[in-house]
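Take a look at the structure set out below.
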Amino acid sequence: MKLYHYAKKENTIMQDGLLSFSKSNFFNINDYNKRITGLKTKDDVVVWMESCFVGRSRGIRFFTEPIKWHDKTIETLKNFVDNRYLYSIDLEKIEKDGLIEAVYVSPPLYEHPDYSENDFHFRWGRDEIYIKLNSTQDIDFSPVDWTACDDKLGHRFAFVRYYLLIIKDGIIPPKYVNKEN
């Protein structure tokens, strides 16, 4: 079973592996200040992430299929895909080799019981919702409904499920990574 990850084209994944936030030096502090104010350094972000749940800073986001943009997602999804390379990992192999500490799902926003289209920011703030799964066996590989995404709604991935794998050392070595495009 493959999982898919998008990374900016300027990267060292095939040399250094897929890096979690805690291991990466490529980040924009402003992206995190949108979620919580007062973060000034990478260490501040790591502390904040770890206060959400243990291991979050060692998490890497994955989809169960490549993104399928459509005419209502030119700005959010098409531009995202066009500016990144797609990588995949073999989930069974990294699990067998003991790289995974935990797995979380970020469900589609509309599946959450507190979801209110009129009250999105109040209830959800600017951070993802993660639910811990019992195991990788709980990952849902059924087709993703990309039509739920719409540029007018913003929140690029809030309406589709994706997964956060907590990696024991925060790095998936290059031998486990395949470049898809």
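Quick note on naming: the chains in the structure tokens go A, B, ... in the order shown, residues restart at 1 in each chain, and ligands are numbered from 1 in order of appearance.
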
Exercise. A:Val144: which residues within 10 Å, counting only C-alpha atoms, same-chain residues fewer than 4 positions away excluded, as a list in words?
Worked result: Phe63, Thr64, Glu65, Pro66, Ile67, Lys68, Pro108, Asp140, Ala148, Phe159, Val160, Arg161 and Tyr162 of chain A

Using only C-alpha atoms, which protein or nucleic acid residues come within 10 Å of A:Gly55? Drop anything in the same chain fewer than 2 positions from it, and give the result as an mmCIF file with N, CA and C atoms, in the first residue's frame.
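Output file selection25.cif follows:
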data_model
loop_
_atom_site.group_PDB
_atom_site.id
_atom_site.type_symbol
_atom_site.label_atom_id
_atom_site.label_comp_id
_atom_site.auth_asym_id
_atom_site.auth_seq_id
_atom_site.Cartn_x
_atom_site.Cartn_y
_atom_site.Cartn_z
ATOM 1 N N SER A 22 10.478 18.611 12.848
ATOM 2 C CA SER A 22 11.552 18.684 13.845
ATOM 3 C C SER A 22 12.936 18.459 13.236
ATOM 4 N N VAL A 46 8.194 23.655 17.592
ATOM 5 C CA VAL A 46 8.294 22.277 18.076
ATOM 6 C C VAL A 46 7.607 22.145 19.438
ATOM 7 N N MET A 49 3.882 22.275 18.839
ATOM 8 C CA MET A 49 3.413 21.021 18.234
ATOM 9 C C MET A 49 3.328 19.910 19.283
ATOM 10 N N GLU A 50 4.368 19.783 20.082
ATOM 11 C CA GLU A 50 4.410 18.721 21.094
ATOM 12 C C GLU A 50 3.368 18.944 22.187
ATOM 13 N N SER A 51 2.939 20.197 22.391
ATOM 14 C CA SER A 51 1.884 20.452 23.373
ATOM 15 C C SER A 51 0.517 19.998 22.844
ATOM 16 N N CYS A 52 0.407 19.877 21.528
ATOM 17 C CA CYS A 52 -0.837 19.369 20.929
ATOM 18 C C CYS A 52 -0.960 17.876 21.181
ATOM 19 N N PHE A 53 0.082 17.128 20.855
ATOM 20 C CA PHE A 53 0.198 15.712 21.207
ATOM 21 C C PHE A 53 1.632 15.273 20.973
ATOM 22 N N SER A 57 5.648 16.882 16.164
ATOM 23 C CA SER A 57 6.741 17.538 15.422
ATOM 24 C C SER A 57 7.534 16.532 14.589
ATOM 25 N N ARG A 58 7.337 15.237 14.851
ATOM 26 C CA ARG A 58 7.993 14.181 14.070
ATOM 27 C C ARG A 58 7.039 13.569 13.054
ATOM 28 N N GLY A 59 5.898 14.209 12.855
ATOM 29 C CA GLY A 59 4.889 13.719 11.925
ATOM 30 C C GLY A 59 5.146 14.172 10.497
ATOM 31 N N GLU A 101 5.708 5.274 14.745
ATOM 32 C CA GLU A 101 5.367 5.296 16.170
ATOM 33 C C GLU A 101 3.859 5.371 16.383
ATOM 34 N N ALA A 102 3.183 6.154 15.525
ATOM 35 C CA ALA A 102 1.731 6.326 15.650
ATOM 36 C C ALA A 102 1.186 6.831 14.324
ATOM 37 N N LEU A 165 1.753 10.447 9.845
ATOM 38 C CA LEU A 165 2.515 9.343 10.427
ATOM 39 C C LEU A 165 3.553 9.938 11.354
ATOM 40 N N ILE A 166 3.549 9.501 12.596
ATOM 41 C CA ILE A 166 4.569 9.928 13.548
ATOM 42 C C ILE A 166 5.728 8.950 13.370
ATOM 43 N N ILE A 167 6.864 9.494 12.947
ATOM 44 C CA ILE A 167 8.037 8.685 12.620
ATOM 45 C C ILE A 167 8.987 8.707 13.810
ATOM 46 N N LYS A 168 9.434 7.527 14.246
ATOM 47 C CA LYS A 168 10.242 7.415 15.466
ATOM 48 C C LYS A 168 11.417 8.374 15.514
ATOM 49 N N ASP A 169 12.195 8.470 14.461
ATOM 50 C CA ASP A 169 13.338 9.385 14.455
ATOM 51 C C ASP A 169 13.056 10.672 13.692
ATOM 52 N N GLY A 170 11.825 10.831 13.179
ATOM 53 C CA GLY A 170 11.465 12.044 12.450
ATOM 54 C C GLY A 170 11.948 12.065 11.008
#

Problem set entry | Pairwise distance for atom CA of A:Lys93 and atom CA of A:Met1, rounded to one decimal in Å | 9.0 Å

Exercise. Given the choices A:Ser24, A:Lys40, A:Tyr176, A:Gly98, which gets closest to A:Thr12 if the distance is worked out from only C-alpha atoms?
Worked result: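 Result for the nearest residue to A:Thr12: A:Ser24.
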
For this session: Just the strand (DSSP E or B) stuff from chain A, please, per backbone DSSP, written as a ChimeraX atom specification.
Result: /A:2-8,18-19,59-63,84-90,100-106,131-132,162-167,171-172,177-179

Exercise. Quick one: of A:Phe62, A:Tyr163, A:Trp48, A:Trp146, who's nearest to A:Val103, counting only C-alpha atoms?
Worked result: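 Among the listed residues, A:Tyr163 lies closest to A:Val103.
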
Exercise. Looking at A:Val54, A:Cys149, A:Met14, A:Ala158, which one is nearest to A:Lys132, with distances taken over only C-alpha atoms?
Worked result: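 Closest to A:Lys132 of all the choices is A:Val54.
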
Problem set entry | Atomic distance atom CA of A:Lys72 - atom CA of A:Tyr6, expressed in Å with one decimal | 20.2 Å

Exercise. Near stretch 77-83 of chain A, within 7 Å and counting only C-alpha atoms, which residues show up once chain neighbours fewer than 4 positions away are dropped, as a PyMOL selection string?
Worked result: chain A and resi 8-9+69+73+156

Write a file of the just-selected residues containing all heavy atoms, as a PDB file, in the first residue's frame.
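Now in out.pdb:
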ATOM      1  N   LYS A   8       8.056  20.605  -1.846  1.00  0.00           N
ATOM      2  CA  LYS A   8       8.524  21.644  -2.765  1.00  0.00           C
ATOM      3  C   LYS A   8       9.633  21.087  -3.643  1.00  0.00           C
ATOM      4  O   LYS A   8      10.386  20.205  -3.233  1.00  0.00           O
ATOM      5  CB  LYS A   8       9.003  22.863  -1.988  1.00  0.00           C
ATOM      6  CG  LYS A   8       7.854  23.586  -1.317  1.00  0.00           C
ATOM      7  CD  LYS A   8       8.294  24.854  -0.650  1.00  0.00           C
ATOM      8  CE  LYS A   8       7.073  25.541  -0.058  1.00  0.00           C
ATOM      9  NZ  LYS A   8       7.402  26.774   0.614  1.00  0.00           N
ATOM     10  N   LYS A   9       9.726  21.621  -4.856  1.00  0.00           N
ATOM     11  CA  LYS A   9      10.679  21.094  -5.828  1.00  0.00           C
ATOM     12  C   LYS A   9      12.130  21.265  -5.378  1.00  0.00           C
ATOM     13  O   LYS A   9      12.976  20.454  -5.722  1.00  0.00           O
ATOM     14  CB  LYS A   9      10.441  21.724  -7.192  1.00  0.00           C
ATOM     15  CG  LYS A   9       9.131  21.244  -7.797  1.00  0.00           C
ATOM     16  CD  LYS A   9       8.880  21.799  -9.170  1.00  0.00           C
ATOM     17  CE  LYS A   9       7.602  21.192  -9.732  1.00  0.00           C
ATOM     18  NZ  LYS A   9       7.282  21.701 -11.064  1.00  0.00           N
ATOM     19  N   TRP A  69      -7.031  17.602  -8.641  1.00  0.00           N
ATOM     20  CA  TRP A  69      -7.629  18.942  -8.665  1.00  0.00           C
ATOM     21  C   TRP A  69      -8.695  18.980  -9.764  1.00  0.00           C
ATOM     22  O   TRP A  69      -8.726  18.143 -10.651  1.00  0.00           O
ATOM     23  CB  TRP A  69      -6.569  20.012  -8.850  1.00  0.00           C
ATOM     24  CG  TRP A  69      -5.783  19.925 -10.118  1.00  0.00           C
ATOM     25  CD1 TRP A  69      -4.625  19.229 -10.332  1.00  0.00           C
ATOM     26  CD2 TRP A  69      -6.109  20.528 -11.367  1.00  0.00           C
ATOM     27  NE1 TRP A  69      -4.219  19.367 -11.620  1.00  0.00           N
ATOM     28  CE2 TRP A  69      -5.110  20.159 -12.289  1.00  0.00           C
ATOM     29  CE3 TRP A  69      -7.146  21.341 -11.799  1.00  0.00           C
ATOM     30  CZ2 TRP A  69      -5.112  20.582 -13.609  1.00  0.00           C
ATOM     31  CZ3 TRP A  69      -7.160  21.765 -13.117  1.00  0.00           C
ATOM     32  CH2 TRP A  69      -6.151  21.388 -13.999  1.00  0.00           C
ATOM     33  N   THR A  73     -10.703  24.191  -8.064  1.00  0.00           N
ATOM     34  CA  THR A  73      -9.545  24.180  -7.161  1.00  0.00           C
ATOM     35  C   THR A  73      -8.255  24.583  -7.878  1.00  0.00           C
ATOM     36  O   THR A  73      -7.177  24.119  -7.529  1.00  0.00           O
ATOM     37  CB  THR A  73      -9.363  22.790  -6.522  1.00  0.00           C
ATOM     38  OG1 THR A  73      -9.190  21.820  -7.558  1.00  0.00           O
ATOM     39  CG2 THR A  73     -10.534  22.416  -5.638  1.00  0.00           C
ATOM     40  N   ARG A 156      -7.456  24.515   2.044  1.00  0.00           N
ATOM     41  CA  ARG A 156      -7.085  23.564   0.997  1.00  0.00           C
ATOM     42  C   ARG A 156      -7.370  22.098   1.324  1.00  0.00           C
ATOM     43  O   ARG A 156      -7.971  21.399   0.539  1.00  0.00           O
ATOM     44  CB  ARG A 156      -5.602  23.799   0.693  1.00  0.00           C
ATOM     45  CG  ARG A 156      -4.960  22.822  -0.189  1.00  0.00           C
ATOM     46  CD  ARG A 156      -3.551  23.217  -0.544  1.00  0.00           C
ATOM     47  NE  ARG A 156      -2.722  23.531   0.584  1.00  0.00           N
ATOM     48  CZ  ARG A 156      -1.783  24.473   0.560  1.00  0.00           C
ATOM     49  NH1 ARG A 156      -1.582  25.184  -0.506  1.00  0.00           N
ATOM     50  NH2 ARG A 156      -1.042  24.690   1.624  1.00  0.00           N
TER      51      ARG A 156
END

Problem set entry | Two-atom distance - atom CA of A:Pro174, atom CA of A:Thr136 (Å) |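 Taking atom CA of A:Pro174 and atom CA of A:Thr136, their separation equals 20.8 Å.
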